[in-house]
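K.L.:
Dropping in coords-v3.txt, with compact mmCIF, C-alpha atoms.
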```txt
# COMPACT_ATOMS: atom_id res chain seq x y z
CA MET A 1 174.44 52.83 163.24
CA LYS A 2 177.11 52.24 160.85
CA ASN A 3 174.61 52.64 158.03
CA ILE A 4 173.49 55.97 159.36
CA ASN A 5 177.07 57.18 159.63
CA ASP A 6 177.71 55.90 156.16
CA SER A 7 174.83 57.94 154.82
CA PHE A 8 176.28 61.09 156.38
CA VAL A 9 179.80 60.28 155.44
CA SER A 10 178.99 59.38 151.91
CA VAL A 11 177.36 62.76 151.29
CA GLY A 12 180.61 63.96 149.78
CA HIS A 13 180.90 60.84 147.70
CA TRP A 14 178.26 60.58 144.99
CA PRO A 15 178.01 57.83 142.50
CA ALA A 16 178.92 58.60 138.92
CA ALA A 17 176.31 60.27 136.78
CA GLY A 18 174.21 58.09 134.61
CA SER A 19 174.02 55.16 136.98
CA PHE A 20 170.79 54.00 138.56
CA GLU A 21 170.43 51.71 141.50
CA PHE A 22 167.92 50.94 144.23
CA ASN A 23 168.68 52.02 147.75
CA THR A 24 167.66 49.13 149.98
CA ASP A 25 168.50 50.96 153.20
CA ILE A 26 165.17 51.59 154.86
CA LEU A 27 166.43 54.30 157.18
CA ALA A 28 168.23 56.11 154.39
CA THR A 29 165.17 56.25 152.14
CA ASN A 30 162.95 57.29 154.96
CA PRO A 31 159.94 55.13 154.02
CA ILE A 32 158.74 55.25 157.60
CA ASN A 33 158.52 59.04 157.49
CA LEU A 34 156.81 58.85 154.14
CA SER A 35 154.32 56.29 155.36
CA VAL A 36 153.56 58.37 158.47
CA VAL A 37 153.01 61.50 156.39
CA LEU A 38 150.88 59.57 153.92
CA GLY A 39 148.90 57.98 156.76
CA VAL A 40 148.24 61.37 158.37
CA LEU A 41 147.27 62.85 155.01
CA ILE A 42 144.94 59.97 154.27
CA PHE A 43 143.39 60.00 157.75
CA PHE A 44 142.84 63.76 158.04
CA GLY A 45 142.66 64.52 154.35
CA LYS A 46 140.01 61.93 153.68
CA GLY A 47 137.31 64.04 155.38
CA VAL A 48 138.56 67.25 153.80
CA LEU A 49 138.85 65.57 150.44
CA ASN A 50 135.38 64.07 150.79
CA ASP A 51 133.99 67.49 151.76
CA LEU A 52 135.72 69.14 148.82
CA LEU A 53 134.52 66.43 146.46
CA ASP A 54 130.96 66.63 147.86
CA LYS A 55 130.93 70.42 147.52
CA ARG A 56 132.30 70.14 144.00
CA LYS A 57 129.71 67.46 143.21
CA GLN A 58 126.92 69.68 144.59
CA ARG A 59 128.16 72.66 142.53
CA ILE A 60 128.32 70.51 139.42
CA LEU A 61 124.82 69.12 140.05
CA SER A 62 123.52 72.61 140.77
CA THR A 63 125.11 73.87 137.57
CA ILE A 64 123.58 70.97 135.65
CA ARG A 65 120.13 71.72 137.18
CA ASN A 66 120.48 75.42 136.34
CA SER A 67 121.58 74.52 132.84
CA GLU A 68 118.60 72.19 132.43
CA GLU A 69 116.23 74.92 133.66
CA LEU A 70 117.83 77.45 131.33
CA ARG A 71 117.61 74.91 128.51
CA ARG A 72 113.90 74.31 129.23
CA GLY A 73 113.33 78.06 129.39
CA ALA A 74 115.20 78.54 126.12
CA ILE A 75 113.16 75.74 124.50
CA GLU A 76 109.92 77.37 125.71
CA GLN A 77 111.05 80.76 124.42
CA LEU A 78 112.02 79.16 121.13
CA GLU A 79 108.60 77.51 120.86
CA ARG A 80 106.86 80.80 121.67
CA ALA A 81 109.02 82.55 119.11
CA ARG A 82 108.18 79.90 116.51
CA VAL A 83 104.46 80.22 117.24
CA ARG A 84 104.73 84.00 117.02
CA LEU A 85 106.71 83.69 113.79
CA ARG A 86 104.01 81.44 112.31
CA LYS A 87 101.33 83.95 113.33
CA VAL A 88 103.32 86.83 111.88
CA LYS A 89 103.86 84.90 108.65
CA ILE A 90 100.15 84.16 108.42
CA GLU A 91 99.31 87.83 109.09
CA ALA A 92 101.92 88.94 106.54
CA ASP A 93 100.41 86.59 103.96
CA GLU A 94 96.94 87.93 104.77
CA TYR A 95 98.15 91.53 104.48
CA ARG A 96 99.95 90.70 101.26
CA THR A 97 96.87 88.94 99.85
CA ASN A 98 94.54 91.70 101.04
CA GLY A 99 96.99 94.27 99.74
CA TYR A 100 97.02 92.63 96.33
CA PHE A 101 93.22 92.49 96.27
CA GLU A 102 93.05 96.09 97.46
CA ILE A 103 95.53 97.18 94.81
CA GLU A 104 93.58 95.35 92.10
CA ARG A 105 90.30 96.84 93.31
CA GLU A 106 91.80 100.33 93.43
CA LYS A 107 93.26 99.77 89.98
CA VAL A 108 89.86 98.74 88.60
CA ASN A 109 88.20 101.69 90.36
CA LEU A 110 90.80 104.06 88.97
CA ILE A 111 90.39 102.64 85.46
CA ASN A 112 86.60 102.94 85.73
CA ALA A 113 86.83 106.49 87.08
CA THR A 114 89.26 107.42 84.31
CA CYS A 115 86.98 105.88 81.68
CA ASN A 116 84.01 107.78 83.12
CA SER A 117 86.00 111.01 83.14
CA LEU A 118 87.13 110.43 79.56
CA GLU A 119 83.55 109.69 78.52
CA ARG A 120 82.29 112.88 80.18
CA LEU A 121 85.09 114.88 78.60
CA GLU A 122 84.23 113.38 75.22
CA ASN A 123 80.59 114.34 75.74
CA TYR A 124 81.56 117.87 76.81
CA LYS A 125 83.84 118.11 73.80
CA ASN A 126 81.08 116.94 71.45
CA GLU A 127 78.57 119.34 73.02
CA THR A 128 81.07 122.18 72.82
CA LEU A 129 81.80 121.35 69.20
CA PHE A 130 78.07 121.19 68.41
CA PHE A 131 77.41 124.53 70.12
CA GLU A 132 80.43 126.13 68.48
CA LYS A 133 79.26 124.76 65.11
CA GLN A 134 75.75 126.14 65.68
CA ARG A 135 77.15 129.48 66.82
CA THR A 136 79.44 129.62 63.80
CA ILE A 137 76.56 128.69 61.48
CA ASN A 138 74.40 131.39 63.08
CA GLN A 139 77.20 133.95 62.78
CA VAL A 140 77.73 133.02 59.12
CA ARG A 141 73.95 133.24 58.50
CA GLN A 142 73.84 136.65 60.16
CA GLN A 143 76.82 137.87 58.19
CA VAL A 144 75.38 136.49 54.93
CA LEU A 145 71.99 138.00 55.71
CA GLN A 146 73.57 141.30 56.64
CA GLN A 147 75.68 141.33 53.49
CA ALA A 148 72.62 140.39 51.41
CA LEU A 149 70.61 143.13 53.03
CA GLN A 150 73.39 145.65 52.47
CA ARG A 151 73.65 144.60 48.82
CA ALA A 152 69.89 144.71 48.44
CA LEU A 153 69.77 148.16 50.02
CA GLY A 154 72.66 149.26 47.87
CA THR A 155 70.93 147.89 44.78
CA LEU A 156 67.62 149.42 45.78
CA ASN A 157 69.19 152.74 46.57
CA SER A 158 71.04 152.79 43.27
CA CYS A 159 68.13 151.48 41.19
CA LEU A 160 65.19 153.18 42.75
CA ASN A 161 64.10 156.38 41.38
CA SER A 162 60.98 158.24 42.38
CA GLU A 163 58.80 156.77 39.67
CA LEU A 164 59.79 153.17 40.54
CA HIS A 165 59.34 154.03 44.12
CA PHE A 166 55.83 155.40 43.48
CA ARG A 167 54.85 152.26 41.52
CA THR A 168 56.14 149.94 44.27
CA ILE A 169 54.13 151.83 46.87
CA SER A 170 51.03 151.71 44.71
CA ALA A 171 51.43 147.96 44.13
CA ASN A 172 51.79 147.38 47.85
CA ILE A 173 48.72 149.48 48.59
CA GLY A 174 46.81 147.42 46.02
CA ILE A 175 47.88 144.20 47.69
CA LEU A 176 46.80 145.54 51.08
CA ARG A 177 43.37 146.54 49.74
CA SER A 178 42.81 143.13 48.22
CA VAL A 179 43.78 141.50 51.54
CA GLU A 180 41.39 143.88 53.32
CA GLU A 181 38.54 142.95 50.98
CA ILE A 182 39.17 139.25 51.50
CA THR A 183 39.06 139.63 55.24
CA ASP A 184 35.85 141.65 55.19
```
Using structure tokens, write down the structure that the file contains.
P.N.:
Amino acid sequence: MKNINDSFVSVGHWPAAGSFEFNTDILATNPINLSVVLGVLIFFGKGVLNDLLDKRKQRILSTIRNSEELRRGAIEQLERARVRLRKVKIEADEYRTNGYFEIEREKVNLINATCNSLERLENYKNETLFFEKQRTINQVRQQVLQQALQRALGTLNSCLNSELHFRTISANIGILRSVEEITD
């Protein structure tokens, strides 16, 4: 009991700061109380701790399973996306190739149509030029003929007198009689 009293009495007397020593008094350090508390914690806490650890383990395993399923789903989606991407690339290449062929074909068709149109226009131009040339030649002929006739009439009117006129008529009548005799 003296040790217990000493522990209460020595409360006002503390050792100097900076010193360290082991307390070998079992009742003063209370290892019995500590061992009882630890024993109770271990006995009752073992089941609780096991339950907590099991629940935590189950949650972790469940999370891992969910993650694996999500990973598999993501891999499947990635594979589907890759397959779709390959198909789209193939279709794009086909469209591009077909587009190039279509563009080339349309280009050739347009060139051919333009050449045909130019050829027809050249033919129309040549025909128009020929007709205009013929019309101009005919107009010039008519004008020349008309001018020649006007000059001839002017010359005849100025040169003809009644005697010349009478002789011309007589000569023409003579020609007509000779033609009449030949036909009879």
K.L.:
Rounded to one decimal, what separation in Å do you get between atom CA of A:Gly154 and atom CA of A:Gln139?
P.N.:
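Those two atoms sit 21.8 Å apart.
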K.L.:
Between atom CA of A:Ile60 and atom CA of A:Phe44, what is the spacing in Å?
P.N.:
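Those two atoms sit 24.6 Å apart.
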K.L.:
What's the separation between atom CA of A:Glu106 and atom CA of A:Leu118, in Å to one decimal place?
P.N.:
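Atom CA of A:Leu118 lies 17.8 Å from atom CA of A:Glu106.
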